[in-house]
Structures are given as C-alpha cells and as structure tokens.
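Below: my_file-v7.txt (compact mmCIF, C-alpha atoms)
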```txt
# COMPACT_ATOMS: atom_id res chain seq x y z
CA MET A 1488 -173.82 3.83 86.06
CA LYS A 1489 -173.60 7.60 85.69
CA VAL A 1490 -170.73 9.37 87.45
CA ALA A 1491 -170.36 13.14 87.72
CA VAL A 1492 -166.79 14.37 88.16
CA ILE A 1493 -166.85 17.87 89.65
CA GLY A 1494 -163.61 19.65 88.79
CA SER A 1495 -163.06 17.52 85.70
CA ARG A 1496 -160.55 19.88 84.06
CA GLY A 1497 -158.05 19.78 86.91
CA ARG A 1498 -154.94 17.63 86.88
CA ILE A 1499 -156.56 14.78 88.83
CA GLY A 1500 -160.01 15.30 87.32
CA GLU A 1501 -158.81 14.83 83.74
CA ARG A 1502 -157.05 11.59 84.61
CA LEU A 1503 -160.07 10.36 86.56
CA VAL A 1504 -162.46 11.05 83.68
CA ARG A 1505 -160.20 9.12 81.31
CA ASN A 1506 -160.00 6.15 83.70
CA LEU A 1507 -163.76 6.03 84.25
CA ARG A 1508 -164.50 6.19 80.54
CA GLN A 1509 -162.24 3.22 79.94
CA GLU A 1510 -164.74 1.27 82.07
CA ASP A 1511 -167.54 2.29 79.69
CA LEU A 1512 -169.35 4.42 82.27
CA ARG A 1513 -171.53 7.43 81.61
CA VAL A 1514 -169.27 10.23 82.81
CA VAL A 1515 -170.30 13.85 83.18
CA GLU A 1516 -167.40 16.28 83.00
CA ALA A 1517 -168.44 19.14 85.28
CA SER A 1518 -166.26 22.24 85.27
CA ARG A 1519 -166.57 25.96 84.68
CA ARG A 1520 -165.31 25.48 81.14
CA ASN A 1521 -168.45 23.55 80.24
CA GLY A 1522 -170.90 25.67 82.22
CA VAL A 1523 -170.94 23.91 85.58
CA ASP A 1524 -169.87 25.98 88.58
CA SER A 1525 -170.09 24.35 91.99
CA PHE A 1526 -169.47 27.71 93.72
CA THR A 1527 -172.38 29.56 92.12
CA GLY A 1528 -174.49 26.46 91.53
CA ALA A 1529 -174.78 27.14 87.80
CA GLY A 1530 -175.41 23.97 85.81
CA LEU A 1531 -175.25 21.64 88.83
CA ALA A 1532 -178.81 20.34 88.62
CA GLU A 1533 -178.33 19.29 85.00
CA ALA A 1534 -174.91 17.74 85.67
CA LEU A 1535 -176.12 15.67 88.62
CA ASP A 1536 -179.45 14.61 87.14
CA GLY A 1537 -179.50 10.82 87.17
CA ALA A 1538 -175.98 10.53 88.62
CA GLU A 1539 -175.45 7.71 91.10
CA VAL A 1540 -171.94 8.82 92.09
CA VAL A 1541 -170.53 12.33 92.48
CA ILE A 1542 -166.76 12.75 92.84
CA ASP A 1543 -165.68 16.15 94.11
CA VAL A 1544 -162.14 16.95 92.98
CA THR A 1545 -162.64 20.72 92.89
CA ASN A 1546 -159.73 22.82 94.06
CA VAL A 1547 -158.42 26.36 94.36
CA SER A 1548 -154.96 27.73 95.05
CA PRO A 1549 -153.78 26.93 98.58
CA ASP A 1550 -152.41 30.46 98.68
CA ASP A 1551 -155.96 31.87 98.60
CA GLY A 1552 -156.38 31.40 102.36
CA ASP A 1553 -159.76 32.62 103.61
CA ALA A 1554 -161.11 32.79 100.05
CA ALA A 1555 -160.29 29.09 99.68
CA GLN A 1556 -162.20 28.36 102.87
CA ARG A 1557 -165.26 30.18 101.52
CA PHE A 1558 -164.96 28.31 98.23
CA PHE A 1559 -164.98 24.86 99.82
CA GLU A 1560 -167.84 25.72 102.17
CA THR A 1561 -170.09 27.18 99.46
CA SER A 1562 -169.18 24.62 96.81
CA SER A 1563 -169.79 21.69 99.17
CA ARG A 1564 -173.14 23.06 100.29
CA ASN A 1565 -174.28 23.42 96.68
CA LEU A 1566 -173.05 19.97 95.68
CA LEU A 1567 -174.60 18.21 98.66
CA GLU A 1568 -177.97 19.95 98.39
CA THR A 1569 -178.18 19.34 94.66
CA GLY A 1570 -176.99 15.76 95.08
CA ARG A 1571 -179.66 15.08 97.68
CA GLN A 1572 -182.35 16.38 95.35
CA ALA A 1573 -180.95 14.29 92.48
CA GLY A 1574 -180.89 11.08 94.52
CA VAL A 1575 -177.11 10.62 94.47
CA ARG A 1576 -176.13 7.37 96.18
CA HIS A 1577 -172.42 8.01 96.79
CA HIS A 1578 -170.72 11.36 97.39
CA VAL A 1579 -166.92 11.13 97.14
CA VAL A 1580 -164.58 13.88 98.35
CA LEU A 1581 -160.87 14.12 97.55
CA SER A 1582 -159.09 15.58 100.56
CA ILE A 1583 -155.57 15.75 102.00
CA VAL A 1584 -153.64 13.67 104.52
CA GLY A 1585 -152.74 15.74 107.58
CA THR A 1586 -155.59 18.24 107.27
CA ASP A 1587 -156.48 18.01 110.97
CA GLY A 1588 -153.09 19.35 112.03
CA LEU A 1589 -152.90 22.21 109.50
CA LEU A 1590 -155.93 24.27 110.48
CA ALA A 1591 -153.90 27.45 110.89
CA SER A 1592 -154.27 27.61 107.10
CA GLY A 1593 -157.52 28.91 105.60
CA TYR A 1594 -157.10 26.41 102.79
CA PHE A 1595 -156.95 23.45 105.16
CA ARG A 1596 -159.80 24.81 107.26
CA GLY A 1597 -161.80 24.76 104.05
CA LYS A 1598 -160.82 21.15 103.31
CA LYS A 1599 -161.78 20.14 106.86
CA MET A 1600 -165.14 21.87 106.48
CA GLN A 1601 -165.66 20.09 103.17
CA GLU A 1602 -165.12 16.75 104.92
CA GLU A 1603 -167.40 17.59 107.84
CA MET A 1604 -170.20 18.76 105.58
CA ALA A 1605 -170.10 15.51 103.60
CA ALA A 1606 -170.18 13.47 106.80
CA ALA A 1607 -173.15 15.42 108.18
CA SER A 1608 -175.12 15.53 104.93
CA GLY A 1609 -177.06 12.31 105.30
CA LEU A 1610 -175.77 11.14 101.91
CA PRO A 1611 -173.68 7.97 101.72
CA PHE A 1612 -170.11 9.22 101.40
CA THR A 1613 -166.42 8.40 101.18
CA ILE A 1614 -163.61 10.83 101.96
CA LEU A 1615 -160.35 9.89 100.26
CA ARG A 1616 -157.40 11.67 101.84
CA SER A 1617 -154.25 11.69 99.71
CA THR A 1618 -150.70 12.70 100.39
CA GLN A 1619 -149.17 15.36 98.12
CA PHE A 1620 -148.86 14.21 94.53
CA PHE A 1621 -145.57 14.60 92.70
CA GLU A 1622 -146.99 17.04 90.18
CA PHE A 1623 -148.13 19.34 92.98
CA VAL A 1624 -144.65 19.45 94.52
CA ARG A 1625 -143.23 20.20 91.07
CA ASP A 1626 -145.61 23.14 90.73
CA VAL A 1627 -144.63 24.50 94.16
CA VAL A 1628 -140.98 24.48 93.09
CA GLN A 1629 -141.46 25.82 89.57
CA ASN A 1630 -143.95 28.56 90.40
CA GLY A 1631 -141.70 30.38 92.84
CA THR A 1632 -140.06 33.61 91.77
CA VAL A 1633 -137.45 34.20 94.50
CA ARG A 1634 -133.79 33.32 94.27
CA ASP A 1635 -134.01 30.91 97.19
CA ILE A 1636 -136.96 28.60 97.81
CA ARG A 1637 -137.48 27.90 101.50
CA ILE A 1638 -139.19 24.60 102.22
CA ALA A 1639 -139.76 22.78 105.50
CA PRO A 1640 -137.82 19.49 105.70
CA ALA A 1641 -140.95 17.58 106.74
CA LEU A 1642 -141.34 13.92 105.91
CA VAL A 1643 -143.66 13.18 103.00
CA GLN A 1644 -144.92 10.09 101.22
CA PRO A 1645 -145.92 11.58 97.85
CA ILE A 1646 -148.02 9.83 95.24
CA ALA A 1647 -148.24 10.04 91.45
CA GLY A 1648 -151.31 11.79 90.09
CA GLU A 1649 -152.08 8.76 87.90
CA ASP A 1650 -152.06 6.44 90.92
CA LEU A 1651 -154.36 8.79 92.80
CA ALA A 1652 -156.80 8.90 89.88
CA ASP A 1653 -156.79 5.09 89.78
CA MET A 1654 -157.66 4.93 93.46
CA LEU A 1655 -160.46 7.45 93.06
CA ALA A 1656 -161.89 5.32 90.27
CA ASP A 1657 -161.76 2.30 92.58
CA VAL A 1658 -163.72 4.26 95.19
CA ALA A 1659 -166.38 5.09 92.59
CA PHE A 1660 -166.92 1.36 92.00
CA SER A 1661 -167.02 0.57 95.72
CA ASP A 1662 -169.77 0.94 98.29
CA PRO A 1663 -169.64 4.13 100.39
CA CYS A 1664 -167.56 3.60 103.52
CA ASN A 1665 -169.19 6.54 105.36
CA GLY A 1666 -165.76 7.43 106.65
CA THR A 1667 -162.23 8.35 105.62
CA LEU A 1668 -159.66 6.37 103.64
CA GLU A 1669 -156.03 7.35 103.08
CA VAL A 1670 -153.74 6.82 100.11
CA ALA A 1671 -150.01 7.49 99.80
CA GLY A 1672 -146.95 6.78 97.72
CA PRO A 1673 -144.52 3.93 98.44
CA GLU A 1674 -141.58 5.99 99.78
CA ARG A 1675 -140.99 8.21 102.79
CA LEU A 1676 -138.89 11.21 101.73
CA ARG A 1677 -137.98 14.71 102.92
CA LEU A 1678 -140.02 17.45 101.27
CA ASP A 1679 -136.97 19.63 100.69
CA ALA A 1680 -135.04 16.70 99.19
CA VAL A 1681 -137.89 16.06 96.73
CA ALA A 1682 -137.82 19.75 95.83
CA VAL A 1683 -134.06 19.62 95.20
CA GLU A 1684 -134.43 16.63 92.87
CA ILE A 1685 -137.21 18.32 90.92
CA ALA A 1686 -135.35 21.64 90.65
CA THR A 1687 -132.22 19.86 89.45
CA ALA A 1688 -134.09 17.76 86.91
CA PHE A 1689 -135.79 20.81 85.42
CA GLU A 1690 -132.57 22.87 85.46
CA ASP A 1691 -133.87 25.36 88.00
CA SER A 1692 -130.82 27.14 89.41
CA ARG A 1693 -132.55 28.47 92.50
CA ARG A 1694 -131.34 27.18 95.85
CA ILE A 1695 -133.65 25.01 97.94
CA VAL A 1696 -133.26 25.95 101.61
CA ALA A 1697 -134.46 23.58 104.32
CA ASP A 1698 -136.23 25.77 106.88
CA ILE A 1699 -138.32 24.26 109.68
CA ALA A 1700 -140.15 27.59 110.03
CA ALA A 1701 -141.10 27.85 106.35
CA PRO A 1702 -144.92 28.09 106.18
CA TYR A 1703 -146.92 25.54 104.27
CA PHE A 1704 -149.76 27.64 102.85
CA GLY A 1705 -150.12 29.42 106.16
CA ALA A 1706 -149.52 26.48 108.48
CA GLU A 1707 -146.36 25.30 110.21
CA LEU A 1708 -145.23 21.76 109.49
CA GLY A 1709 -143.99 19.30 112.04
CA GLU A 1710 -141.79 16.44 110.94
CA HIS A 1711 -144.74 14.04 110.60
CA SER A 1712 -147.53 16.50 109.66
CA LEU A 1713 -147.90 15.18 106.11
CA LEU A 1714 -147.58 11.44 106.74
CA PRO A 1715 -150.49 8.99 106.45
CA GLY A 1716 -151.61 6.59 109.14
CA SER A 1717 -150.66 2.94 109.25
CA GLY A 1718 -153.80 1.83 107.41
CA ALA A 1719 -153.20 3.87 104.25
CA ARG A 1720 -153.46 2.22 100.87
CA ILE A 1721 -150.03 2.39 99.20
CA ALA A 1722 -149.50 3.13 95.52
CA THR A 1723 -146.69 1.66 93.44
CA LEU A 1724 -144.94 4.36 91.38
CA ARG A 1725 -141.71 5.54 92.99
CA PHE A 1726 -140.43 9.10 92.84
CA ASP A 1727 -137.37 8.39 90.68
CA ASP A 1728 -139.51 6.54 88.14
CA TRP A 1729 -142.06 9.36 88.01
CA LEU A 1730 -139.32 11.97 87.61
CA ARG A 1731 -137.67 10.04 84.79
CA ASP A 1732 -140.99 9.60 83.00
CA SER A 1733 -141.90 13.29 83.42
CA LEU A 1734 -138.69 14.31 81.64
CA GLN A 1735 -139.50 12.28 78.55
CA PRO A 1736 -140.74 14.28 75.53
CA PRO A 1737 -144.45 13.85 74.81
CA ARG A 1738 -145.31 11.13 72.36
CA ILE A 1739 -146.69 12.29 69.03
CA SER A 1740 -149.27 9.96 67.58
CA ALA A 1741 -148.84 8.99 63.94
CA PRO A 1742 -151.53 10.45 61.67
CA ALA A 1743 -154.30 8.09 60.71
CA ASN A 1744 -154.26 6.82 57.14
```

What is this structure when it is put down as structure tokens?
Amino acid sequence: MKVAVIGSRGRIGERLVRNLRQEDLRVVEASRRNGVDSFTGAGLAEALDGAEVVIDVTNVSPDDGDAAQRFFETSSRNLLETGRQAGVRHHVVLSIVGTDGLLASGYFRGKKMQEEMAAASGLPFTILRSTQFFEFVRDVVQNGTVRDIRIAPALVQPIAGEDLADMLADVAFSDPCNGTLEVAGPERLRLDAVAVEIATAFEDSRRIVADIAAPYFGAELGEHSLLPGSGARIATLRFDDWLRDSLQPPRISAPAN
C-alpha cells in the first residue's frame, strides 16, 4: 500500500512517516522541502500518483489568522482534487478537538473548512480530531517574549505527539469511517497548570498568569472548550512521564564498526 503524508516534515508528520515505514509501507514524504506544496499544487500530482491513502497533517501558525484560513481552504481544495484524479481511496485529515466552538479564530475557521471540504468531496474520508499535544503547549510557553504569559485556565486533556502519530497510523490501516473520530490524552488538567509545569521544568522564569479572558489564537476559551467527547480514544502516556522523558539528553548512537 502506498501512503502519501502531506506535511511530512512537521512534528507529527515526521513521527507518522517513521511509524508507517516500520510497517514496510511505501511512504511518500510530501513537503515543501522536497518540492511538494499543497498550497500552490506544485508536485502534488507526482506525490499522489498511485497512493491509496493520503494523510493531511499540514499546518501553519495559529497566529496567522485569516491567512491560515486561506491556507487550509486552498490546500484542501488542491489535495482533494488531485486525490480524486489519482484514485485515492482514503483521505485522512488531522484536525483539532473543540474546533466547532472556536470559530472566532481564523485558524479554527480554516480547520473547520478543511473538515467540511473533506466530507463534501465524495472521497472516502476520516477526520481525526486531537486534543493539544504536549509539544505544542511547550512551544506556546517557550515562544513567548513577554515577562508574564497569560493563559486561560481551561480544562485540557493533552496527548503526546508520539501517541497521536500512532493513532494516525492506525487510521491509515483502517477503513474510512466517513466521519469524525477523537483522540485525547489520559488526564484532565488545567491549561495554565500544564504551562507552569513546563516553564518550571525548562527553567523559564516568566510568570504564568491564569486569565479567563486570555485569547486562544483569537478565540475565547470556556472551561470545557478543549475537551473531547465521551467517545474519544484515549492514549496512554501521562504528562509527568512525557515531561520527564523530554528533559533527558538525546541519545547518541555508537559509531558502526
């Protein structure tokens, strides 16, 4: 089976490619770095030629607002049209839990449009909505430049990027559900509390301030805005275990003799 991973150089895409290759599949790594651009359409026909499954894990910065919305709309249109011409039998979209309630944000409007376009395309599809992954929350904390970081104290059920990649690989091996699935981590936590733990672990001296009015990429969060439904598939790696592992120095492989 040939699988095309669109957005293969992203954090989730790289893990997904590795997982799929362990199953001895033909995997096409499609990203701008190797000449495939879902936004312009460059290289898509070649990347999708003969592919049975397309997994769309493309992403842009949530801060991009309306530009993010345009990206998801244009990218999805190109992928779906090219996939239809190539005879793709399963179009998989990685999306986000809570998208429906966050449409004040251009980024989330784009994700919602991405979902709707897949559902209306006529191609067999699966939408996998994930909660925030730990690495994403870490980036939100570490990328800030202000003295205080204001974060809404919303409830979250974050997931490890490795667990999410595993679940995406499972979807690739499954029949299209022509609907939406949800995945989440095993613990319900406060977003600001997660941020405090990450900042402390990485010796970030900035103060995390719980602020119910703090915007989440242009949208306002309610207490339950980011939580999955009762039918979500639950991953296994807990936050404390992920944080401990992420602080370990990288392993250096011994040179081959």

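Closest approach to A:Ser1518 among A:Glu1669, A:Asp1543, A:Glu1603, A:Asp1536 is made by A:Asp1543 (distances from all atoms listed in the file).
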
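Of the residues listed (A:Ile1638, A:Leu1507, A:Ala1532, A:Ile1499), A:Ile1499 shows the shortest atom-to-atom separation from A:Ser1617; distances use only C-alpha atoms.
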
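Using all atoms listed in the file, the smallest distance between any of A:Arg1694, A:Arg1502, A:Arg1634, A:Arg1725 and A:Pro1673 comes from A:Arg1725.
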
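Remark: for A:Ser1525, the closest of the candidate residues A:Leu1566, A:Val1492, A:Leu1713, A:Val1504 is A:Leu1566 (distances computed over all atoms listed in the file).
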
**Complete:** Students should find that atom CA of A:Arg1496 and atom CA of A:Arg1616 are spaced 19.8 Å

**Prompt:** Closest to A:Asp1650 among A:Ala1517, A:Asn1506, A:Glu1684, A:Ser1692, using all atoms listed in the file?
**Reply:** A:Asn1506

Can you tell me which residues surround A:Gln1556 at a distance of at most 7 Å, considering all atoms listed in the file, apart from same-chain residues fewer than 4 positions away, and format the answer as a PDB file with C-alpha atoms, in the coordinates of the input?
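The new file result15.pdb reads:
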```pdb
ATOM      1  CA  GLY A1552    -156.380  31.400 102.360  1.00  0.00           C
ATOM      2  CA  GLU A1560    -167.840  25.720 102.170  1.00  0.00           C
ATOM      3  CA  GLY A1593    -157.520  28.910 105.600  1.00  0.00           C
ATOM      4  CA  TYR A1594    -157.100  26.410 102.790  1.00  0.00           C
ATOM      5  CA  ARG A1596    -159.800  24.810 107.260  1.00  0.00           C
ATOM      6  CA  GLY A1597    -161.800  24.760 104.050  1.00  0.00           C
TER       7      GLY A1597
END
```

Produce a table with one row for each residue of stretch 1500-1565 of chain A that has an atom at most 10 Å from any atom of stretch 1588-1592 of chain A, each row naming the nearest atom pair and its distance in Å at one decimal; use all atoms listed in the file; arrange rows by chain and rising residue number; format as JSON lines.
```
{"residue": "A:Pro1549", "atom": "CA", "partner": "A:Ser1592", "partner_atom": "CA", "distance": 8.6}
{"residue": "A:Asp1550", "atom": "CA", "partner": "A:Ser1592", "partner_atom": "CA", "distance": 9.1}
{"residue": "A:Asp1551", "atom": "CA", "partner": "A:Ser1592", "partner_atom": "CA", "distance": 9.7}
{"residue": "A:Gly1552", "atom": "CA", "partner": "A:Ser1592", "partner_atom": "CA", "distance": 6.4}
{"residue": "A:Asp1553", "atom": "CA", "partner": "A:Ser1592", "partner_atom": "CA", "distance": 8.2}
{"residue": "A:Ala1555", "atom": "CA", "partner": "A:Ser1592", "partner_atom": "CA", "distance": 9.7}
{"residue": "A:Gln1556", "atom": "CA", "partner": "A:Ser1592", "partner_atom": "CA", "distance": 9.0}
```

**Item:** Residue neighbourhood A:Val1575, 8 Å, all atoms listed in the file, exclusion window fewer than 3 positions, as a ChimeraX atom specification
**Value:** /A:1535,1537-1541,1570-1572,1578,1610

**Item:** Residue neighbourhood A:Phe1726, 12 Å, only C-alpha atoms, exclusion window fewer than 3 positions, as JSON, numbers by chain
**Value:** {"A": [1619, 1620, 1621, 1622, 1624, 1625, 1643, 1644, 1645, 1646, 1647, 1648, 1671, 1672, 1673, 1674, 1675, 1676, 1677, 1678, 1680, 1681, 1682, 1684, 1685, 1722, 1723, 1729, 1730, 1731, 1732, 1733]}

What would the file look like if the residues just selected were written as a tab-separated table (two decimals), in the frame of the given file with C-alpha atoms?
```tsv
chain	number	residue	atom	x	y	z
A	1619	GLN	CA	-149.17	15.36	98.12
A	1620	PHE	CA	-148.86	14.21	94.53
A	1621	PHE	CA	-145.57	14.60	92.70
A	1622	GLU	CA	-146.99	17.04	90.18
A	1624	VAL	CA	-144.65	19.45	94.52
A	1625	ARG	CA	-143.23	20.20	91.07
A	1643	VAL	CA	-143.66	13.18	103.00
A	1644	GLN	CA	-144.92	10.09	101.22
A	1645	PRO	CA	-145.92	11.58	97.85
A	1646	ILE	CA	-148.02	9.83	95.24
A	1647	ALA	CA	-148.24	10.04	91.45
A	1648	GLY	CA	-151.31	11.79	90.09
A	1671	ALA	CA	-150.01	7.49	99.80
A	1672	GLY	CA	-146.95	6.78	97.72
A	1673	PRO	CA	-144.52	3.93	98.44
A	1674	GLU	CA	-141.58	5.99	99.78
A	1675	ARG	CA	-140.99	8.21	102.79
A	1676	LEU	CA	-138.89	11.21	101.73
A	1677	ARG	CA	-137.98	14.71	102.92
A	1678	LEU	CA	-140.02	17.45	101.27
A	1680	ALA	CA	-135.04	16.70	99.19
A	1681	VAL	CA	-137.89	16.06	96.73
A	1682	ALA	CA	-137.82	19.75	95.83
A	1684	GLU	CA	-134.43	16.63	92.87
A	1685	ILE	CA	-137.21	18.32	90.92
A	1722	ALA	CA	-149.50	3.13	95.52
A	1723	THR	CA	-146.69	1.66	93.44
A	1729	TRP	CA	-142.06	9.36	88.01
A	1730	LEU	CA	-139.32	11.97	87.61
A	1731	ARG	CA	-137.67	10.04	84.79
A	1732	ASP	CA	-140.99	9.60	83.00
A	1733	SER	CA	-141.90	13.29	83.42
```

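The shortest atom-to-atom distance to A:Glu1707, with only C-alpha atoms taken into account, belongs to A:Ala1641 out of A:Ile1493, A:Ala1641, A:Val1515, A:Met1600.
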
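Picture a line from atom CA of A:Leu1581 to atom CA of A:Asp1679; it runs 24.7 Å.
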